[in-house]
>>> print(open('data23.txt').read())   # compact mmCIF, C-alpha atoms and all ligand atoms
# COMPACT_ATOMS: atom_id res chain seq x y z
CA MET A 1 -175.36 -96.73 11.17
CA ILE A 2 -172.96 -94.71 9.02
CA SER A 3 -170.70 -92.47 11.11
CA TYR A 4 -168.91 -90.41 8.43
CA SER A 5 -171.97 -89.23 6.53
CA LYS A 6 -173.19 -85.62 6.38
CA THR A 7 -176.64 -86.82 5.38
CA ILE A 8 -179.40 -85.99 7.86
CA VAL A 9 -182.25 -88.47 7.78
CA ARG A 10 -185.41 -87.13 9.37
CA ILE A 11 -187.92 -89.61 10.78
CA ASP A 12 -191.45 -88.37 11.38
CA LEU A 13 -192.61 -90.54 14.29
CA ALA A 14 -196.04 -88.88 14.27
CA ALA A 15 -196.46 -90.15 10.70
CA VAL A 16 -195.39 -93.66 11.73
CA ARG A 17 -198.03 -93.54 14.47
CA HIS A 18 -200.61 -92.24 12.00
CA ASN A 19 -199.84 -95.13 9.65
CA TYR A 20 -200.20 -97.57 12.55
CA ARG A 21 -203.70 -96.18 13.20
CA VAL A 22 -204.57 -96.53 9.50
CA LEU A 23 -203.49 -100.19 9.52
CA ALA A 24 -205.23 -100.82 12.84
CA ARG A 25 -208.53 -99.84 11.17
CA SER A 26 -208.12 -102.84 8.84
CA GLY A 27 -206.34 -105.31 11.12
CA SER A 28 -207.24 -106.81 14.50
CA ARG A 29 -203.95 -107.30 16.37
CA LEU A 30 -200.99 -105.78 14.57
CA VAL A 31 -197.49 -107.16 14.91
CA ALA A 32 -195.36 -104.11 14.08
CA VAL A 33 -192.45 -105.40 12.02
CA VAL A 34 -189.32 -103.51 13.12
CA LYS A 35 -186.64 -105.72 11.57
CA ALA A 36 -183.52 -104.17 10.03
CA ASP A 37 -183.61 -101.15 12.36
CA ALA A 38 -187.31 -100.62 11.62
CA TYR A 39 -186.66 -100.43 7.86
CA GLY A 40 -184.03 -97.78 8.53
CA HIS A 41 -186.27 -95.73 10.85
CA GLY A 42 -184.66 -96.59 14.21
CA LEU A 43 -185.60 -99.74 16.13
CA GLY A 44 -186.07 -98.35 19.64
CA GLU A 45 -187.56 -95.01 18.64
CA VAL A 46 -190.18 -96.59 16.38
CA ALA A 47 -191.10 -99.37 18.81
CA LEU A 48 -191.58 -96.99 21.75
CA ALA A 49 -193.62 -94.59 19.62
CA LEU A 50 -195.85 -97.48 18.55
CA GLU A 51 -196.18 -98.80 22.11
CA ALA A 52 -197.54 -95.40 23.04
CA GLU A 53 -200.06 -95.93 20.22
CA GLY A 54 -201.14 -99.27 21.70
CA ALA A 55 -198.91 -101.74 19.84
CA ASP A 56 -198.18 -104.84 21.93
CA SER A 57 -196.36 -107.08 19.44
CA PHE A 58 -193.18 -106.56 17.47
CA GLY A 59 -191.41 -108.57 14.79
CA VAL A 60 -187.62 -108.49 14.48
CA GLY A 61 -185.30 -110.46 12.19
CA TYR A 62 -182.61 -111.98 14.39
CA VAL A 63 -182.66 -112.76 18.11
CA HIS A 64 -180.09 -110.07 18.89
CA GLU A 65 -182.36 -107.45 17.34
CA GLY A 66 -185.00 -108.60 19.84
CA GLU A 67 -182.52 -108.20 22.68
CA ARG A 68 -181.73 -104.67 21.56
CA LEU A 69 -185.43 -103.95 21.47
CA ARG A 70 -185.81 -105.14 25.09
CA GLN A 71 -182.83 -103.01 26.09
CA ALA A 72 -184.52 -100.02 24.47
CA GLY A 73 -187.38 -100.52 26.94
CA CYS A 74 -189.92 -102.38 24.82
CA ARG A 75 -192.37 -104.30 27.03
CA GLY A 76 -194.41 -105.90 24.27
CA ARG A 77 -194.32 -109.38 22.80
CA ILE A 78 -191.29 -109.88 20.53
CA LEU A 79 -191.29 -112.33 17.62
CA ASN A 80 -187.99 -113.46 16.07
CA LEU A 81 -189.03 -113.88 12.43
CA LEU A 82 -185.84 -115.54 11.17
CA GLY A 83 -185.57 -118.01 14.04
CA PRO A 84 -182.51 -118.75 16.19
CA VAL A 85 -179.44 -119.45 14.03
CA ASP A 86 -177.02 -120.85 16.65
CA LYS A 87 -176.74 -122.06 20.26
CA ASP A 88 -176.11 -118.57 21.48
CA ASP A 89 -179.40 -117.38 19.98
CA MET A 90 -181.26 -120.30 21.53
CA ALA A 91 -179.91 -119.48 24.98
CA ARG A 92 -180.98 -115.87 24.63
CA LEU A 93 -184.62 -116.56 23.75
CA ALA A 94 -185.82 -117.26 27.29
CA HIS A 95 -183.72 -114.45 28.70
CA GLY A 96 -185.19 -111.83 26.37
CA ASP A 97 -188.69 -113.34 26.48
CA ILE A 98 -188.58 -113.66 22.69
CA ILE A 99 -190.80 -116.01 20.69
CA PRO A 100 -188.87 -117.60 17.81
CA PHE A 101 -190.30 -118.54 14.43
CA ILE A 102 -189.22 -122.16 13.94
CA THR A 103 -188.90 -123.18 10.32
CA HIS A 104 -187.53 -126.75 10.28
CA PHE A 105 -187.17 -129.91 12.37
CA GLU A 106 -183.45 -129.51 13.04
CA THR A 107 -184.03 -126.38 15.09
CA LEU A 108 -186.86 -128.05 17.02
CA GLN A 109 -184.53 -130.89 17.99
CA LYS A 110 -181.68 -128.57 18.93
CA LEU A 111 -184.02 -126.48 21.06
CA VAL A 112 -185.33 -129.50 22.93
CA ALA A 113 -181.75 -130.52 23.69
CA GLN A 114 -180.76 -127.08 24.89
CA ILE A 115 -183.57 -125.31 26.72
CA GLU A 116 -183.87 -125.57 30.50
CA LYS A 117 -187.52 -124.72 30.88
CA PRO A 118 -190.52 -124.81 28.52
CA ILE A 119 -190.80 -121.99 25.98
CA ASP A 120 -193.42 -120.71 23.56
CA ILE A 121 -192.62 -120.98 19.87
CA ALA A 122 -194.23 -119.98 16.57
CA LEU A 123 -194.37 -122.39 13.64
CA LYS A 124 -193.59 -120.87 10.26
CA PHE A 125 -195.03 -122.63 7.22
CA ASP A 126 -194.03 -122.33 3.58
CA THR A 127 -197.27 -122.13 1.61
CA GLY A 128 -195.74 -120.85 -1.62
CA MET A 129 -192.89 -118.45 -0.94
CA SER A 130 -190.39 -121.35 -1.23
CA ARG A 131 -188.14 -119.77 1.34
CA LEU A 132 -188.36 -120.56 5.05
CA GLY A 133 -190.82 -122.86 6.75
CA PHE A 134 -192.31 -126.29 7.29
CA ARG A 135 -194.25 -127.68 4.35
CA PRO A 136 -197.98 -128.43 4.69
CA GLU A 137 -197.19 -132.16 4.52
CA ASP A 138 -194.98 -131.83 7.63
CA VAL A 139 -198.02 -131.28 9.88
CA PRO A 140 -198.51 -134.93 10.98
CA ALA A 141 -194.83 -135.25 11.94
CA LEU A 142 -195.04 -131.93 13.77
CA LEU A 143 -198.06 -133.08 15.77
CA GLU A 144 -196.21 -136.25 16.73
CA PHE A 145 -193.19 -134.21 17.74
CA PHE A 146 -195.23 -131.95 20.05
CA HIS A 147 -197.00 -134.96 21.51
CA LYS A 148 -193.60 -136.27 22.64
CA ASN A 149 -191.94 -132.96 23.51
CA LYS A 150 -194.09 -130.87 25.84
CA CYS A 151 -191.29 -128.40 26.58
CA LEU A 152 -191.95 -126.57 23.31
CA ARG A 153 -195.39 -124.94 23.19
CA PRO A 154 -196.57 -123.94 19.72
CA VAL A 155 -198.60 -120.79 20.35
CA MET A 156 -198.59 -119.37 16.83
CA ALA A 157 -198.80 -120.57 13.23
CA ALA A 158 -197.53 -118.24 10.53
CA SER A 159 -196.92 -118.08 6.82
CA HIS A 160 -195.94 -115.35 4.36
CA PHE A 161 -197.47 -114.23 1.06
CA ALA A 162 -195.29 -114.10 -2.05
CA ALA A 163 -197.26 -111.51 -4.04
CA SER A 164 -200.13 -110.09 -2.00
CA ASP A 165 -199.25 -106.58 -3.26
CA GLU A 166 -199.83 -107.55 -6.90
CA PRO A 167 -203.52 -107.78 -7.80
CA SER A 168 -202.63 -109.87 -10.89
CA PHE A 169 -201.33 -112.59 -8.53
CA ASP A 170 -204.56 -112.91 -6.52
CA SER A 171 -204.89 -116.59 -7.42
CA VAL A 172 -201.45 -117.32 -5.90
CA THR A 173 -202.48 -115.44 -2.74
CA GLN A 174 -205.74 -117.38 -2.54
CA LYS A 175 -203.95 -120.70 -2.95
CA GLN A 176 -201.52 -119.82 -0.15
CA HIS A 177 -204.43 -118.79 2.04
CA ALA A 178 -206.23 -122.10 1.42
CA LEU A 179 -203.12 -124.15 2.30
CA PHE A 180 -202.64 -122.10 5.45
CA SER A 181 -206.29 -122.64 6.44
CA ASP A 182 -205.83 -126.40 6.33
CA ILE A 183 -202.66 -126.20 8.41
CA VAL A 184 -204.27 -124.03 11.09
CA SER A 185 -207.32 -126.35 11.26
CA SER A 186 -205.13 -129.42 11.72
CA LEU A 187 -203.12 -127.82 14.50
CA ARG A 188 -206.23 -126.58 16.30
CA GLN A 189 -208.03 -129.91 15.94
CA ALA A 190 -205.04 -131.55 17.61
CA GLY A 191 -205.48 -129.23 20.59
CA HIS A 192 -202.92 -126.51 19.80
CA ALA A 193 -204.77 -123.22 20.18
CA VAL A 194 -202.43 -121.36 17.85
CA GLU A 195 -202.75 -117.68 17.00
CA ALA A 196 -202.67 -117.54 13.20
CA ASN A 197 -201.12 -114.86 11.01
CA ILE A 198 -200.18 -114.67 7.35
CA SER A 199 -200.86 -111.06 6.32
CA ASN A 200 -198.22 -108.45 5.57
CA SER A 201 -199.12 -104.78 4.98
CA ALA A 202 -200.62 -105.40 1.54
CA ALA A 203 -202.82 -108.30 2.66
CA THR A 204 -203.90 -106.40 5.79
CA LEU A 205 -205.16 -103.53 3.63
CA GLY A 206 -206.37 -105.53 0.67
CA TYR A 207 -207.26 -109.12 1.49
CA ARG A 208 -209.77 -109.33 4.31
CA GLU A 209 -210.21 -113.12 4.17
CA SER A 210 -206.63 -113.58 5.34
CA LEU A 211 -206.67 -111.38 8.44
CA TRP A 212 -206.84 -114.31 10.91
CA ASP A 213 -205.92 -113.40 14.51
CA SER A 214 -203.02 -111.01 13.93
CA GLN A 215 -201.24 -109.26 11.05
CA ARG A 216 -197.52 -108.64 10.56
CA THR A 217 -197.21 -105.18 9.06
CA GLY A 218 -194.02 -103.39 8.03
CA ILE A 219 -193.77 -101.27 4.90
CA ALA A 220 -197.05 -99.36 5.31
CA LEU A 221 -195.94 -98.20 8.77
CA TYR A 222 -192.98 -96.64 6.98
CA GLY A 223 -194.95 -94.53 4.55
CA VAL A 224 -195.27 -96.77 1.53
CA ASN A 225 -198.61 -97.67 -0.01
CA PRO A 226 -198.04 -101.35 -0.87
CA PHE A 227 -200.53 -101.01 -3.73
CA GLY A 228 -198.96 -97.84 -5.17
CA GLY A 229 -199.25 -97.84 -8.96
CA THR A 230 -201.74 -100.74 -9.06
CA SER A 231 -205.51 -100.94 -9.52
CA LYS A 232 -205.88 -101.14 -5.72
CA ALA A 233 -203.88 -97.97 -4.95
CA SER A 234 -206.83 -96.33 -3.17
CA LEU A 235 -206.56 -98.91 -0.34
CA GLY A 236 -203.39 -97.19 0.90
CA LYS A 237 -204.32 -93.59 0.17
CA ASP A 238 -204.16 -92.54 3.85
CA ILE A 239 -200.57 -93.71 4.35
CA ARG A 240 -198.22 -90.78 5.08
CA ASN A 241 -194.50 -90.34 4.30
CA THR A 242 -192.25 -91.02 7.27
CA MET A 243 -188.67 -90.47 6.07
CA SER A 244 -186.88 -87.57 4.40
CA ALA A 245 -183.16 -86.96 3.94
CA HIS A 246 -181.10 -83.89 3.14
CA VAL A 247 -177.46 -83.44 2.21
CA PRO A 248 -175.05 -80.48 1.90
CA VAL A 249 -174.01 -78.49 -1.17
CA LEU A 250 -170.19 -78.63 -1.37
CA HIS A 251 -169.47 -76.52 -4.43
CA ILE A 252 -171.18 -74.66 -7.29
CA HIS A 253 -169.64 -74.04 -10.73
CA THR A 254 -170.43 -73.62 -14.41
CA LEU A 255 -170.16 -76.54 -16.80
CA ARG A 256 -169.44 -75.30 -20.33
CA LYS A 257 -171.09 -76.70 -23.43
CA GLY A 258 -169.12 -79.77 -24.58
CA GLN A 259 -167.50 -80.47 -21.18
CA GLY A 260 -167.88 -83.92 -19.61
CA ILE A 261 -168.63 -84.38 -15.91
CA SER A 262 -167.72 -86.95 -13.24
CA TYR A 263 -166.01 -90.33 -13.78
CA GLY A 264 -166.11 -91.63 -17.32
CA HIS A 265 -167.70 -88.43 -18.67
CA THR A 266 -171.02 -90.27 -19.06
CA HIS A 267 -172.73 -86.88 -19.36
CA VAL A 268 -171.48 -84.15 -21.69
CA ALA A 269 -173.11 -80.70 -21.44
CA LYS A 270 -175.28 -79.81 -24.45
CA LYS A 271 -175.19 -76.15 -23.36
CA ASP A 272 -173.67 -74.12 -20.54
CA CYS A 273 -175.21 -75.04 -17.20
CA THR A 274 -174.80 -74.50 -13.47
CA VAL A 275 -173.72 -77.52 -11.46
CA ALA A 276 -173.97 -78.09 -7.72
CA VAL A 277 -171.68 -80.73 -6.25
CA ILE A 278 -173.63 -82.46 -3.49
CA GLY A 279 -172.13 -84.26 -0.48
CA VAL A 280 -173.78 -87.63 -0.90
CA GLY A 281 -172.72 -90.77 -2.74
CA TYR A 282 -172.97 -94.53 -2.79
CA ALA A 283 -171.08 -94.77 0.52
CA ASP A 284 -174.03 -92.93 2.08
CA GLY A 285 -176.48 -95.38 0.56
CA TYR A 286 -177.23 -93.16 -2.46
CA SER A 287 -176.96 -95.81 -5.15
CA ARG A 288 -174.60 -95.52 -8.11
CA GLY A 289 -177.59 -96.78 -10.08
CA LEU A 290 -178.92 -93.20 -9.84
CA SER A 291 -176.14 -91.96 -12.15
CA ASN A 292 -177.77 -89.84 -14.91
CA LYS A 293 -181.20 -91.10 -13.68
CA GLY A 294 -182.01 -89.57 -10.29
CA PHE A 295 -183.34 -86.19 -9.22
CA MET A 296 -182.92 -84.25 -5.99
CA SER A 297 -185.19 -81.55 -4.63
CA ALA A 298 -183.45 -78.16 -4.29
CA CYS A 299 -185.35 -75.05 -3.13
CA GLY A 300 -188.60 -76.81 -3.95
CA ILE A 301 -187.83 -77.97 -7.49
CA ARG A 302 -186.41 -81.07 -9.12
CA VAL A 303 -182.78 -81.02 -10.21
CA PRO A 304 -181.33 -83.90 -12.26
CA VAL A 305 -178.21 -85.93 -11.44
CA LEU A 306 -175.45 -85.33 -14.00
CA GLY A 307 -172.95 -88.11 -14.67
CA ARG A 308 -171.95 -90.86 -12.28
CA VAL A 309 -172.73 -90.91 -8.58
CA CYS A 310 -169.35 -91.08 -6.78
CA MET A 311 -168.46 -92.48 -3.35
CA GLN A 312 -169.29 -89.32 -1.40
CA MET A 313 -170.31 -86.84 -4.11
CA THR A 314 -172.98 -86.42 -6.76
CA CYS A 315 -173.39 -83.57 -9.28
CA VAL A 316 -176.76 -82.04 -10.13
CA ASP A 317 -177.83 -79.47 -12.72
CA ILE A 318 -179.29 -76.45 -10.92
CA SER A 319 -179.64 -74.21 -14.02
CA ALA A 320 -183.41 -74.11 -13.49
CA LEU A 321 -182.95 -72.23 -10.18
CA PRO A 322 -182.59 -68.42 -10.10
CA ALA A 323 -178.85 -67.57 -9.92
CA GLY A 324 -177.65 -67.37 -6.33
CA GLN A 325 -180.69 -69.05 -4.79
CA LEU A 326 -178.79 -72.18 -3.81
CA GLN A 327 -175.49 -71.61 -2.06
CA VAL A 328 -172.58 -73.66 -0.78
CA GLY A 329 -173.51 -74.98 2.67
CA ASP A 330 -177.24 -75.08 1.90
CA ARG A 331 -179.01 -78.41 1.87
CA VAL A 332 -180.91 -80.27 -0.80
CA HIS A 333 -183.22 -83.26 -0.38
CA ILE A 334 -182.45 -86.68 -1.80
CA LEU A 335 -185.75 -87.87 -0.27
CA GLY A 336 -188.71 -85.65 0.57
CA GLY A 337 -188.29 -81.87 0.33
CA HIS A 338 -190.23 -78.65 0.44
CA GLY A 339 -192.39 -76.88 -2.09
CA GLU A 340 -193.92 -78.25 -5.25
CA GLU A 341 -191.60 -81.14 -6.05
CA PRO A 342 -190.52 -83.28 -3.11
CA VAL A 343 -188.95 -86.64 -3.97
CA HIS A 344 -191.27 -89.52 -3.09
CA VAL A 345 -189.72 -92.79 -1.92
CA CYS A 346 -191.44 -94.71 -4.73
CA GLU A 347 -190.00 -92.41 -7.40
CA LEU A 348 -186.54 -92.66 -5.91
CA ALA A 349 -186.91 -96.45 -5.98
CA GLU A 350 -187.94 -96.36 -9.63
CA TRP A 351 -184.96 -94.22 -10.76
CA TRP A 352 -182.73 -96.48 -8.67
CA GLY A 353 -184.20 -99.64 -10.22
CA THR A 354 -185.35 -101.11 -6.92
CA ILE A 355 -188.24 -101.17 -4.44
CA PRO A 356 -189.03 -98.64 -1.67
CA TYR A 357 -188.03 -101.21 1.00
CA GLU A 358 -184.40 -101.10 -0.14
CA VAL A 359 -184.37 -97.30 -0.42
CA LEU A 360 -185.60 -96.93 3.18
CA CYS A 361 -183.17 -99.52 4.59
CA LEU A 362 -180.13 -97.94 2.87
CA ILE A 363 -180.91 -94.22 3.15
CA GLY A 364 -182.03 -94.89 6.73
CA MET A 365 -178.48 -95.92 7.66
CA GLY A 366 -177.47 -92.27 7.67
CA PRO A 367 -177.40 -90.16 10.84
CA ARG A 368 -181.02 -89.70 11.99
CA GLU A 369 -183.10 -87.01 13.64
CA PHE A 370 -186.59 -87.65 14.98
CA THR A 371 -189.65 -85.46 15.07
CA GLU A 372 -192.71 -86.34 17.16
C1 LIG A 401 -190.83 -108.20 6.62
C2 LIG A 401 -191.87 -109.15 6.99
C3 LIG A 401 -193.22 -108.74 7.12
C4 LIG A 401 -193.70 -107.34 6.79
O1 LIG A 401 -193.98 -107.23 5.42
P1 LIG A 401 -194.41 -105.81 4.79
O2 LIG A 401 -194.59 -106.10 3.35
O3 LIG A 401 -193.26 -104.89 5.03
O4 LIG A 401 -195.64 -105.37 5.48
C5 LIG A 401 -194.13 -109.67 7.57
N1 LIG A 401 -193.75 -110.94 7.85
C6 LIG A 401 -192.48 -111.37 7.72
C7 LIG A 401 -192.15 -112.78 8.04
C8 LIG A 401 -191.51 -110.49 7.28
O5 LIG A 401 -190.25 -110.92 7.15
>>> encode(input="data23.txt", output="structure tokens", more="lines below")
Ligand SMILES: *Cc1c(COP(=O)(O)O)cnc(C)c1O
Amino acid sequence: MISYSKTIVRIDLAAVRHNYRVLARSGSRLVAVVKADAYGHGLGEVALALEAEGADSFGVGYVHEGERLRQAGCRGRILNLLGPVDKDDMARLAHGDIIPFITHFETLQKLVAQIEKPIDIALKFDTGMSRLGFRPEDVPALLEFFHKNKCLRPVMAASHFAASDEPSFDSVTQKQHALFSDIVSSLRQAGHAVEANISNSAATLGYRESLWDSQRTGIALYGVNPFGGTSKASLGKDIRNTMSAHVPVLHIHTLRKGQGISYGHTHVAKKDCTVAVIGVGYADGYSRGLSNKGFMSACGIRVPVLGRVCMQMTCVDISALPAGQLQVGDRVHILGGHGEEPVHVCELAEWWGTIPYEVLCLIGMGPREFTE
């Protein structure tokens, strides 16, 4: 969390809960993914709000995130999606009642050597993401391993889609689903009654065949339609925005025709204009990639970024506003906003040259306020 920032990030927990209910209409048992501080929304606040909505399973990245979630008062089942990375993590699993995703044999062996009493684990399979996980051909060796080592109880089998949010990649998604089906069948035939999950938000909303027993959903909880801008956009039409952020106006002045602005004079005024210097920059998570590309929302209308985004300042052209309407000390929105032209997270991501996930994680590091 950034301590020096004057940004105020507002999290609408009622909207997060609404999005949970939307996803719950499609899914059966949702695992609310709250890794990376709940995508910048606040780990404890989001998890407790979702528990009140009936959520009983949560997915974090590292083990210590799971511990923090327990400390925040979460009573649900916690899944450690990245697996334990060192001995310390392994020791903490039993203590925090956290189920780790195990992704390779080395960790299985280290766990067997270290744990004092039996624990539940989840097996993560790589069916096409080429990132973490056992390969489908590892299944026979896994079955042999669990036959010999009863102290590790595989209670879940999981995999992750590489492109379930892109309708043009449906054949890749189907192939991953077919590989996962075979893996789950083999495990179950060998007597391991695993709970199976492979779906993220996009697959939960758009790919019914892959729902299995539970679904790991993140981005749609946080206000992003995973199919936004695609032929399947209507599947996420009920998802509501959850994050907005506003920042202070530090100074207002006139930029004369022909004058350059900010570092490197990458923008030169074509005519006289009114500039507001805004107290936000790349140190607050407002990317330098927004230089000459981004827009903020001031008094309900869009105002363009002029010149380069600096460390703690960004200039915008407010000539379109009636003189005197915006004043020093007022606030403008870098995300969300009032009136006709709020900034949507997907637009901000596009100007920035990234995806909404990154925008939420970085803007969400600012000081937060919560509304119920
Ligand atoms: C982040 C993550 C998810 C959630 O994906 P969304 O696209 O945000 O719904 C699910 N599973 C795993 C393993 C993840 O790391």
>>> residues_around(input="data23.txt", residues="range 203-211 of chain A", least_positions_apart="5", cutoff="9 Å", atoms="all atoms listed in the file", output="list in words")
Leu23, Ser26, Gly27, Ser28, Phe161, Ser164, Asp165, Thr173, Gln174, His177, Ala196, Asn197, Ile198, Arg216, Thr217, Pro226, Phe227, Lys232, Leu235 and Gly236 of chain A
>>> residues_around(input="data23.txt", residues="Gly339 in chain A", least_positions_apart="3", cutoff="10 Å", atoms="all atoms listed in the file", output="PDB file with C-alpha atoms, in the coordinates of the input")
ATOM      1  CA  SER A 297    -185.190 -81.550  -4.630  1.00  0.00           C
ATOM      2  CA  ALA A 298    -183.450 -78.160  -4.290  1.00  0.00           C
ATOM      3  CA  CYS A 299    -185.350 -75.050  -3.130  1.00  0.00           C
ATOM      4  CA  GLY A 300    -188.600 -76.810  -3.950  1.00  0.00           C
ATOM      5  CA  ILE A 301    -187.830 -77.970  -7.490  1.00  0.00           C
ATOM      6  CA  GLY A 336    -188.710 -85.650   0.570  1.00  0.00           C
ATOM      7  CA  PRO A 342    -190.520 -83.280  -3.110  1.00  0.00           C
TER       8      PRO A 342
END
>>> atom_distance(input="data23.txt", atom1="CA of Leu187 in chain A", atom2="CA of Gly61 in chain A")
25.0 Å
>>> atom_distance(input="data23.txt", atom1="CA of Gly96 in chain A", atom2="CA of Pro154 in chain A")
17.9 Å
>>> residues_near_ligand(input="data23.txt", ligand="ligand LIG 401 (chain A)", cutoff="10 Å", atoms="all atoms listed in the file", output="VMD selection string")
chain A and resid 31 to 36 38 to 39 59 to 61 79 to 82 101 124 132 158 to 165 197 to 205 215 to 222 224 to 226 357
>>> build_atoms(input="data23.txt", residues="range 102-118 of chain A", atoms="N, CA and C atoms", output="compact mmCIF listing (two decimals), keeping the file's coordinate frame")
# COMPACT_ATOMS: atom_id res chain seq x y z
N ILE A 102 -189.99 -120.95 14.23
CA ILE A 102 -189.22 -122.16 13.94
C ILE A 102 -189.63 -122.64 12.55
N THR A 103 -188.62 -122.95 11.74
CA THR A 103 -188.90 -123.18 10.32
C THR A 103 -188.53 -124.58 9.84
N HIS A 104 -187.82 -125.36 10.67
CA HIS A 104 -187.53 -126.75 10.28
C HIS A 104 -187.25 -127.63 11.50
N PHE A 105 -187.24 -128.95 11.27
CA PHE A 105 -187.17 -129.91 12.37
C PHE A 105 -185.84 -129.85 13.12
N GLU A 106 -184.76 -129.56 12.39
CA GLU A 106 -183.45 -129.51 13.04
C GLU A 106 -183.44 -128.54 14.22
N THR A 107 -184.02 -127.38 14.00
CA THR A 107 -184.03 -126.38 15.09
C THR A 107 -184.90 -126.86 16.25
N LEU A 108 -186.01 -127.52 15.93
CA LEU A 108 -186.86 -128.05 17.02
C LEU A 108 -186.04 -129.00 17.89
N GLN A 109 -185.30 -129.91 17.22
CA GLN A 109 -184.53 -130.89 17.99
C GLN A 109 -183.42 -130.22 18.81
N LYS A 110 -182.75 -129.27 18.21
CA LYS A 110 -181.68 -128.57 18.93
C LYS A 110 -182.24 -127.80 20.13
N LEU A 111 -183.40 -127.22 19.96
CA LEU A 111 -184.02 -126.48 21.06
C LEU A 111 -184.36 -127.40 22.22
N VAL A 112 -184.96 -128.54 21.89
CA VAL A 112 -185.33 -129.50 22.93
C VAL A 112 -184.10 -129.90 23.72
N ALA A 113 -182.99 -130.09 23.02
CA ALA A 113 -181.75 -130.52 23.69
C ALA A 113 -181.18 -129.41 24.55
N GLN A 114 -181.46 -128.18 24.21
CA GLN A 114 -180.76 -127.08 24.89
C GLN A 114 -181.54 -126.33 25.97
N ILE A 115 -182.85 -126.19 25.80
CA ILE A 115 -183.57 -125.31 26.72
C ILE A 115 -183.71 -125.94 28.11
N GLU A 116 -183.78 -125.09 29.12
CA GLU A 116 -183.87 -125.57 30.50
C GLU A 116 -185.30 -125.60 31.01
N LYS A 117 -186.11 -124.67 30.50
CA LYS A 117 -187.52 -124.72 30.88
C LYS A 117 -188.38 -124.51 29.65
N PRO A 118 -189.66 -124.88 29.72
CA PRO A 118 -190.52 -124.81 28.52
C PRO A 118 -190.57 -123.39 27.94
